[in-house]
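Shown next: protein_4.pdb, given as PDB, N, CA and C atoms.
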ATOM      1  N   MET N  17      51.832  40.240  26.054
ATOM      2  CA  MET N  17      52.714  39.729  27.071
ATOM      3  C   MET N  17      52.988  38.268  26.773
ATOM      4  N   GLU N  18      54.233  37.891  26.799
ATOM      5  CA  GLU N  18      54.583  36.492  26.582
ATOM      6  C   GLU N  18      55.364  36.007  27.788
ATOM      7  N   VAL N  19      54.909  34.910  28.329
ATOM      8  CA  VAL N  19      55.551  34.310  29.497
ATOM      9  C   VAL N  19      55.766  32.842  29.184
ATOM     10  N   SER N  20      56.974  32.341  29.428
ATOM     11  CA  SER N  20      57.239  30.927  29.195
ATOM     12  C   SER N  20      56.582  30.107  30.297
ATOM     13  N   LEU N  21      55.704  29.170  29.893
ATOM     14  CA  LEU N  21      54.966  28.371  30.862
ATOM     15  C   LEU N  21      55.357  26.904  30.831
ATOM     16  N   GLN N  22      56.236  26.534  29.913
ATOM     17  CA  GLN N  22      56.589  25.130  29.785
ATOM     18  C   GLN N  22      57.283  24.634  31.041
ATOM     19  N   SER N  23      56.992  23.434  31.399
ATOM     20  CA  SER N  23      57.594  22.688  32.506
ATOM     21  C   SER N  23      57.369  23.336  33.873
ATOM     22  N   LYS N  24      56.374  24.186  33.986
ATOM     23  CA  LYS N  24      56.012  24.738  35.286
ATOM     24  C   LYS N  24      54.657  24.155  35.685
ATOM     25  N   PRO N  25      54.460  23.864  36.986
ATOM     26  CA  PRO N  25      53.149  23.372  37.407
ATOM     27  C   PRO N  25      52.076  24.431  37.176
ATOM     28  N   LEU N  26      50.840  23.979  36.979
ATOM     29  CA  LEU N  26      49.741  24.895  36.674
ATOM     30  C   LEU N  26      49.595  25.986  37.723
ATOM     31  N   GLY N  27      49.697  25.637  38.996
ATOM     32  CA  GLY N  27      49.586  26.643  40.053
ATOM     33  C   GLY N  27      50.660  27.713  39.936
ATOM     34  N   MET N  28      51.867  27.322  39.554
ATOM     35  CA  MET N  28      52.953  28.283  39.368
ATOM     36  C   MET N  28      52.639  29.198  38.193
ATOM     37  N   ASN N  29      52.060  28.628  37.129
ATOM     38  CA  ASN N  29      51.707  29.451  35.973
ATOM     39  C   ASN N  29      50.691  30.520  36.344
ATOM     40  N   LEU N  30      49.672  30.172  37.119
ATOM     41  CA  LEU N  30      48.694  31.164  37.532
ATOM     42  C   LEU N  30      49.358  32.224  38.400
ATOM     43  N   TRP N  31      50.250  31.806  39.275
ATOM     44  CA  TRP N  31      50.958  32.747  40.136
ATOM     45  C   TRP N  31      51.737  33.757  39.294
ATOM     46  N   ILE N  32      52.361  33.290  38.199
ATOM     47  CA  ILE N  32      53.090  34.195  37.304
ATOM     48  C   ILE N  32      52.145  35.256  36.764
ATOM     49  N   PHE N  33      50.962  34.844  36.305
ATOM     50  CA  PHE N  33      50.012  35.814  35.771
ATOM     51  C   PHE N  33      49.483  36.743  36.856
ATOM     52  N   GLN N  34      49.274  36.219  38.055
ATOM     53  CA  GLN N  34      48.804  37.074  39.142
ATOM     54  C   GLN N  34      49.843  38.140  39.459
ATOM     55  N   LYS N  35      51.104  37.793  39.446
ATOM     56  CA  LYS N  35      52.167  38.765  39.704
ATOM     57  C   LYS N  35      52.250  39.799  38.584
ATOM     58  N   LYS N  36      51.892  39.403  37.373
ATOM     59  CA  LYS N  36      51.914  40.333  36.243
ATOM     60  C   LYS N  36      50.795  41.369  36.346
ATOM     61  N   GLN N  37      49.867  41.187  37.269
ATOM     62  CA  GLN N  37      48.760  42.136  37.423
ATOM     63  C   GLN N  37      49.265  43.535  37.716
ATOM     64  N   ASP N  38      50.419  43.648  38.355
ATOM     65  CA  ASP N  38      50.990  44.972  38.602
ATOM     66  C   ASP N  38      51.357  45.646  37.287
ATOM     67  N   ILE N  39      51.694  44.842  36.290
ATOM     68  CA  ILE N  39      52.066  45.378  34.983
ATOM     69  C   ILE N  39      50.849  45.455  34.064
ATOM     70  N   LYS N  40      50.026  44.414  34.058
ATOM     71  CA  LYS N  40      48.868  44.300  33.172
ATOM     72  C   LYS N  40      47.597  44.106  33.988
ATOM     73  N   PRO N  41      47.074  45.139  34.622
ATOM     74  CA  PRO N  41      45.882  44.954  35.454
ATOM     75  C   PRO N  41      44.626  44.630  34.660
ATOM     76  N   SER N  42      44.699  44.666  33.344
ATOM     77  CA  SER N  42      43.513  44.394  32.534
ATOM     78  C   SER N  42      43.286  42.897  32.296
ATOM     79  N   ILE N  43      44.189  42.049  32.744
ATOM     80  CA  ILE N  43      43.997  40.609  32.563
ATOM     81  C   ILE N  43      42.915  40.138  33.530
ATOM     82  N   HIS N  44      41.837  39.564  32.953
ATOM     83  CA  HIS N  44      40.726  39.092  33.778
ATOM     84  C   HIS N  44      40.515  37.594  33.654
ATOM     85  N   GLU N  45      41.019  37.008  32.575
ATOM     86  CA  GLU N  45      40.901  35.567  32.374
ATOM     87  C   GLU N  45      42.221  35.024  31.868
ATOM     88  N   VAL N  46      42.568  33.845  32.368
ATOM     89  CA  VAL N  46      43.752  33.133  31.893
ATOM     90  C   VAL N  46      43.284  31.740  31.513
ATOM     91  N   ILE N  47      43.598  31.331  30.294
ATOM     92  CA  ILE N  47      43.158  30.039  29.775
ATOM     93  C   ILE N  47      44.383  29.159  29.529
ATOM     94  N   PHE N  48      44.380  27.965  30.106
ATOM     95  CA  PHE N  48      45.422  26.982  29.856
ATOM     96  C   PHE N  48      44.808  25.838  29.069
ATOM     97  N   VAL N  49      45.445  25.468  27.968
ATOM     98  CA  VAL N  49      44.964  24.384  27.112
ATOM     99  C   VAL N  49      45.951  23.234  27.218
ATOM    100  N   ASP N  50      45.445  22.064  27.586
ATOM    101  CA  ASP N  50      46.261  20.857  27.675
ATOM    102  C   ASP N  50      45.945  19.989  26.473
ATOM    103  N   ARG N  51      46.803  20.042  25.479
ATOM    104  CA  ARG N  51      46.519  19.312  24.233
ATOM    105  C   ARG N  51      46.678  17.809  24.384
ATOM    106  N   PHE N  52      47.362  17.358  25.416
ATOM    107  CA  PHE N  52      47.562  15.925  25.601
ATOM    108  C   PHE N  52      46.361  15.276  26.294
ATOM    109  N   ASP N  53      45.831  15.924  27.317
ATOM    110  CA  ASP N  53      44.653  15.386  28.015
ATOM    111  C   ASP N  53      43.353  15.955  27.461
ATOM    112  N   LYS N  54      43.453  16.813  26.467
ATOM    113  CA  LYS N  54      42.296  17.459  25.835
ATOM    114  C   LYS N  54      41.377  18.095  26.874
ATOM    115  N   GLY N  55      41.958  19.011  27.589
ATOM    116  CA  GLY N  55      41.200  19.748  28.595
ATOM    117  C   GLY N  55      41.610  21.205  28.600
ATOM    118  N   VAL N  56      40.766  22.025  29.188
ATOM    119  CA  VAL N  56      41.020  23.460  29.301
ATOM    120  C   VAL N  56      40.725  23.868  30.736
ATOM    121  N   VAL N  57      41.600  24.686  31.300
ATOM    122  CA  VAL N  57      41.370  25.256  32.623
ATOM    123  C   VAL N  57      41.301  26.762  32.460
ATOM    124  N   LYS N  58      40.227  27.346  32.986
ATOM    125  CA  LYS N  58      40.058  28.800  32.909
ATOM    126  C   LYS N  58      40.107  29.378  34.319
ATOM    127  N   PHE N  59      40.978  30.358  34.511
ATOM    128  CA  PHE N  59      41.027  31.123  35.746
ATOM    129  C   PHE N  59      40.447  32.495  35.444
ATOM    130  N   GLN N  60      39.543  32.945  36.289
ATOM    131  CA  GLN N  60      38.875  34.227  36.060
ATOM    132  C   GLN N  60      38.944  35.055  37.338
ATOM    133  N   LYS N  61      39.388  36.300  37.173
ATOM    134  CA  LYS N  61      39.498  37.195  38.322
ATOM    135  C   LYS N  61      38.107  37.614  38.775
ATOM    136  N   THR N  62      37.918  37.661  40.087
ATOM    137  CA  THR N  62      36.646  38.105  40.651
ATOM    138  C   THR N  62      36.742  39.601  40.970
ATOM    139  N   ASP N  63      35.704  40.136  41.590
ATOM    140  CA  ASP N  63      35.739  41.548  41.989
ATOM    141  C   ASP N  63      36.836  41.817  43.012
ATOM    142  N   ASN N  64      37.168  40.803  43.801
ATOM    143  CA  ASN N  64      38.296  40.911  44.724
ATOM    144  C   ASN N  64      39.553  40.599  43.928
ATOM    145  N   ARG N  65      40.420  41.558  43.760
ATOM    146  CA  ARG N  65      41.602  41.435  42.907
ATOM    147  C   ARG N  65      42.459  40.213  43.197
ATOM    148  N   LYS N  66      42.438  39.742  44.430
ATOM    149  CA  LYS N  66      43.309  38.634  44.814
ATOM    150  C   LYS N  66      42.624  37.274  44.749
ATOM    151  N   VAL N  67      41.366  37.250  44.318
ATOM    152  CA  VAL N  67      40.619  35.998  44.266
ATOM    153  C   VAL N  67      40.301  35.648  42.812
ATOM    154  N   TRP N  68      40.639  34.423  42.430
ATOM    155  CA  TRP N  68      40.373  33.922  41.093
ATOM    156  C   TRP N  68      39.507  32.675  41.215
ATOM    157  N   THR N  69      38.602  32.473  40.256
ATOM    158  CA  THR N  69      37.847  31.224  40.195
ATOM    159  C   THR N  69      38.513  30.318  39.165
ATOM    160  N   GLU N  70      38.335  29.033  39.348
ATOM    161  CA  GLU N  70      38.906  28.043  38.432
ATOM    162  C   GLU N  70      37.776  27.191  37.868
ATOM    163  N   THR N  71      37.730  27.065  36.541
ATOM    164  CA  THR N  71      36.744  26.217  35.880
ATOM    165  C   THR N  71      37.487  25.252  34.971
ATOM    166  N   ILE N  72      37.175  23.970  35.115
ATOM    167  CA  ILE N  72      37.807  22.939  34.296
ATOM    168  C   ILE N  72      36.824  22.497  33.228
ATOM    169  N   TYR N  73      37.287  22.507  31.989
ATOM    170  CA  TYR N  73      36.471  22.062  30.859
ATOM    171  C   TYR N  73      37.109  20.796  30.291
ATOM    172  N   ASP N  74      36.275  19.786  30.101
ATOM    173  CA  ASP N  74      36.731  18.534  29.508
ATOM    174  C   ASP N  74      35.569  17.937  28.729
ATOM    175  N   GLU N  75      35.659  16.663  28.390
ATOM    176  CA  GLU N  75      34.606  16.037  27.593
ATOM    177  C   GLU N  75      33.255  16.047  28.305
ATOM    178  N   GLU N  76      33.263  16.038  29.635
ATOM    179  CA  GLU N  76      32.008  16.088  30.388
ATOM    180  C   GLU N  76      31.455  17.499  30.495
ATOM    181  N   ASN N  77      32.277  18.489  30.291
ATOM    182  CA  ASN N  77      31.892  19.900  30.375
ATOM    183  C   ASN N  77      32.495  20.622  29.170
ATOM    184  N   PRO N  78      31.955  20.382  27.945
ATOM    185  CA  PRO N  78      32.628  20.816  26.722
ATOM    186  C   PRO N  78      32.328  22.245  26.249
ATOM    187  N   ASP N  79      31.396  22.943  26.877
ATOM    188  CA  ASP N  79      31.048  24.299  26.420
ATOM    189  C   ASP N  79      31.799  25.323  27.252
ATOM    190  N   ILE N  80      32.710  26.038  26.606
ATOM    191  CA  ILE N  80      33.591  26.973  27.294
ATOM    192  C   ILE N  80      33.105  28.395  27.063
ATOM    193  N   LEU N  81      32.990  29.152  28.132
ATOM    194  CA  LEU N  81      32.650  30.565  28.034
ATOM    195  C   LEU N  81      33.928  31.361  28.244
ATOM    196  N   ILE N  82      34.404  31.990  27.180
ATOM    197  CA  ILE N  82      35.594  32.835  27.235
ATOM    198  C   ILE N  82      35.137  34.260  26.976
ATOM    199  N   ASP N  83      35.251  35.082  28.006
ATOM    200  CA  ASP N  83      34.723  36.440  27.980
ATOM    201  C   ASP N  83      33.232  36.339  27.673
ATOM    202  N   THR N  84      32.791  36.727  26.498
ATOM    203  CA  THR N  84      31.370  36.603  26.154
ATOM    204  C   THR N  84      31.146  35.617  25.015
ATOM    205  N   MET N  85      32.194  34.868  24.645
ATOM    206  CA  MET N  85      32.085  33.923  23.533
ATOM    207  C   MET N  85      31.892  32.506  24.052
ATOM    208  N   ASN N  86      30.988  31.781  23.430
ATOM    209  CA  ASN N  86      30.843  30.348  23.708
ATOM    210  C   ASN N  86      31.693  29.592  22.704
ATOM    211  N   VAL N  87      32.558  28.740  23.212
ATOM    212  CA  VAL N  87      33.458  27.971  22.364
ATOM    213  C   VAL N  87      33.312  26.508  22.736
ATOM    214  N   LYS N  88      33.274  25.658  21.742
ATOM    215  CA  LYS N  88      33.209  24.210  21.979
ATOM    216  C   LYS N  88      34.623  23.672  22.170
ATOM    217  N   LEU N  89      34.774  22.787  23.136
ATOM    218  CA  LEU N  89      36.071  22.195  23.416
ATOM    219  C   LEU N  89      36.665  21.558  22.163
ATOM    220  N   ASN N  90      35.855  20.840  21.413
ATOM    221  CA  ASN N  90      36.355  20.184  20.193
ATOM    222  C   ASN N  90      36.862  21.178  19.166
ATOM    223  N   ASP N  91      36.258  22.365  19.095
ATOM    224  CA  ASP N  91      36.727  23.382  18.149
ATOM    225  C   ASP N  91      38.161  23.800  18.458
ATOM    226  N   ILE N  92      38.471  23.924  19.731
ATOM    227  CA  ILE N  92      39.835  24.294  20.123
ATOM    228  C   ILE N  92      40.822  23.222  19.680
ATOM    229  N   PHE N  93      40.492  21.966  19.959
ATOM    230  CA  PHE N  93      41.433  20.897  19.645
ATOM    231  C   PHE N  93      41.488  20.582  18.154
ATOM    232  N   ASP N  94      40.423  20.848  17.425
ATOM    233  CA  ASP N  94      40.479  20.713  15.959
ATOM    234  C   ASP N  94      41.492  21.704  15.383
ATOM    235  N   LYS N  95      41.494  22.932  15.919
ATOM    236  CA  LYS N  95      42.443  23.950  15.446
ATOM    237  C   LYS N  95      43.873  23.584  15.819
ATOM    238  N   ILE N  96      44.053  23.046  17.025
ATOM    239  CA  ILE N  96      45.392  22.634  17.447
ATOM    240  C   ILE N  96      45.904  21.518  16.548
ATOM    241  N   GLU N  97      45.071  20.537  16.277
ATOM    242  CA  GLU N  97      45.475  19.423  15.407
ATOM    243  C   GLU N  97      45.852  19.917  14.016
ATOM    244  N   ALA N  98      45.179  20.944  13.545
ATOM    245  CA  ALA N  98      45.470  21.488  12.212
ATOM    246  C   ALA N  98      46.865  22.105  12.142
ATOM    247  N   PHE N  99      47.373  22.596  13.273
ATOM    248  CA  PHE N  99      48.687  23.233  13.282
ATOM    249  C   PHE N  99      49.819  22.267  13.532
ATOM    250  N   LEU N 100      49.514  21.057  13.956
ATOM    251  CA  LEU N 100      50.578  20.082  14.266
ATOM    252  C   LEU N 100      51.028  19.318  13.067
TER     253      LEU N 100
END
Taking this structure as input, can you express it in the form of structure tokens?
Amino acid sequence: MEVSLQSKPLGMNLWIFQKKQDIKPSIHEVIFVDRFDKGVVKFQKTDNRKVWTETIYDEENPDILIDTMNVKLNDIFDKIEAFL
């Protein structure tokens, strides 16, 4: 699934994914990467379909748990820098 997220506020982006649940009910995590502020926001669906948790990862909280994988914040941005 590809959704254009540019120039939309973060809350609107999550709302887009929540609405897509009717089409893709298997989405359980949504990850937004901010390459300018070097931060990551993870939204994760709870057992209640309409409730999502939000976790912010930055330099103070650099260990990201995505599904069952531990990822370092710097690893993400090293890969982004390699593509620019």
### Residue IDs satisfying the PyMOL selection byres ((chain N and resi 71-84) around 7), as a PyMOL selection string
chain N and resi 54-60+69-70+85-90
Could you write out that same residue set with N, CA and C atoms as a compact mmCIF listing (two decimals), in the coordinates of the input?
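Result file is again_3.txt:
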# COMPACT_ATOMS: atom_id res chain seq x y z
N LYS N 54 43.45 16.81 26.47
CA LYS N 54 42.30 17.46 25.84
C LYS N 54 41.38 18.10 26.87
N GLY N 55 41.96 19.01 27.59
CA GLY N 55 41.20 19.75 28.60
C GLY N 55 41.61 21.20 28.60
N VAL N 56 40.77 22.02 29.19
CA VAL N 56 41.02 23.46 29.30
C VAL N 56 40.72 23.87 30.74
N VAL N 57 41.60 24.69 31.30
CA VAL N 57 41.37 25.26 32.62
C VAL N 57 41.30 26.76 32.46
N LYS N 58 40.23 27.35 32.99
CA LYS N 58 40.06 28.80 32.91
C LYS N 58 40.11 29.38 34.32
N PHE N 59 40.98 30.36 34.51
CA PHE N 59 41.03 31.12 35.75
C PHE N 59 40.45 32.49 35.44
N GLN N 60 39.54 32.94 36.29
CA GLN N 60 38.88 34.23 36.06
C GLN N 60 38.94 35.06 37.34
N THR N 69 38.60 32.47 40.26
CA THR N 69 37.85 31.22 40.20
C THR N 69 38.51 30.32 39.16
N GLU N 70 38.34 29.03 39.35
CA GLU N 70 38.91 28.04 38.43
C GLU N 70 37.78 27.19 37.87
N MET N 85 32.19 34.87 24.64
CA MET N 85 32.08 33.92 23.53
C MET N 85 31.89 32.51 24.05
N ASN N 86 30.99 31.78 23.43
CA ASN N 86 30.84 30.35 23.71
C ASN N 86 31.69 29.59 22.70
N VAL N 87 32.56 28.74 23.21
CA VAL N 87 33.46 27.97 22.36
C VAL N 87 33.31 26.51 22.74
N LYS N 88 33.27 25.66 21.74
CA LYS N 88 33.21 24.21 21.98
C LYS N 88 34.62 23.67 22.17
N LEU N 89 34.77 22.79 23.14
CA LEU N 89 36.07 22.20 23.42
C LEU N 89 36.66 21.56 22.16
N ASN N 90 35.85 20.84 21.41
CA ASN N 90 36.35 20.18 20.19
C ASN N 90 36.86 21.18 19.17
### Query
Can you tell me how far atom CA of Arg51 of chain N sits from atom C of Ala98 of chain N, in Å to one decimal?
12.4 Å
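Note that the spacing between atom CA of Lys66 of chain N and atom CA of Ile43 of chain N amounts to 12.4 Å.
Relative to atom N of Thr62 of chain N, atom CA of His44 of chain N is found at 7.1 Å.
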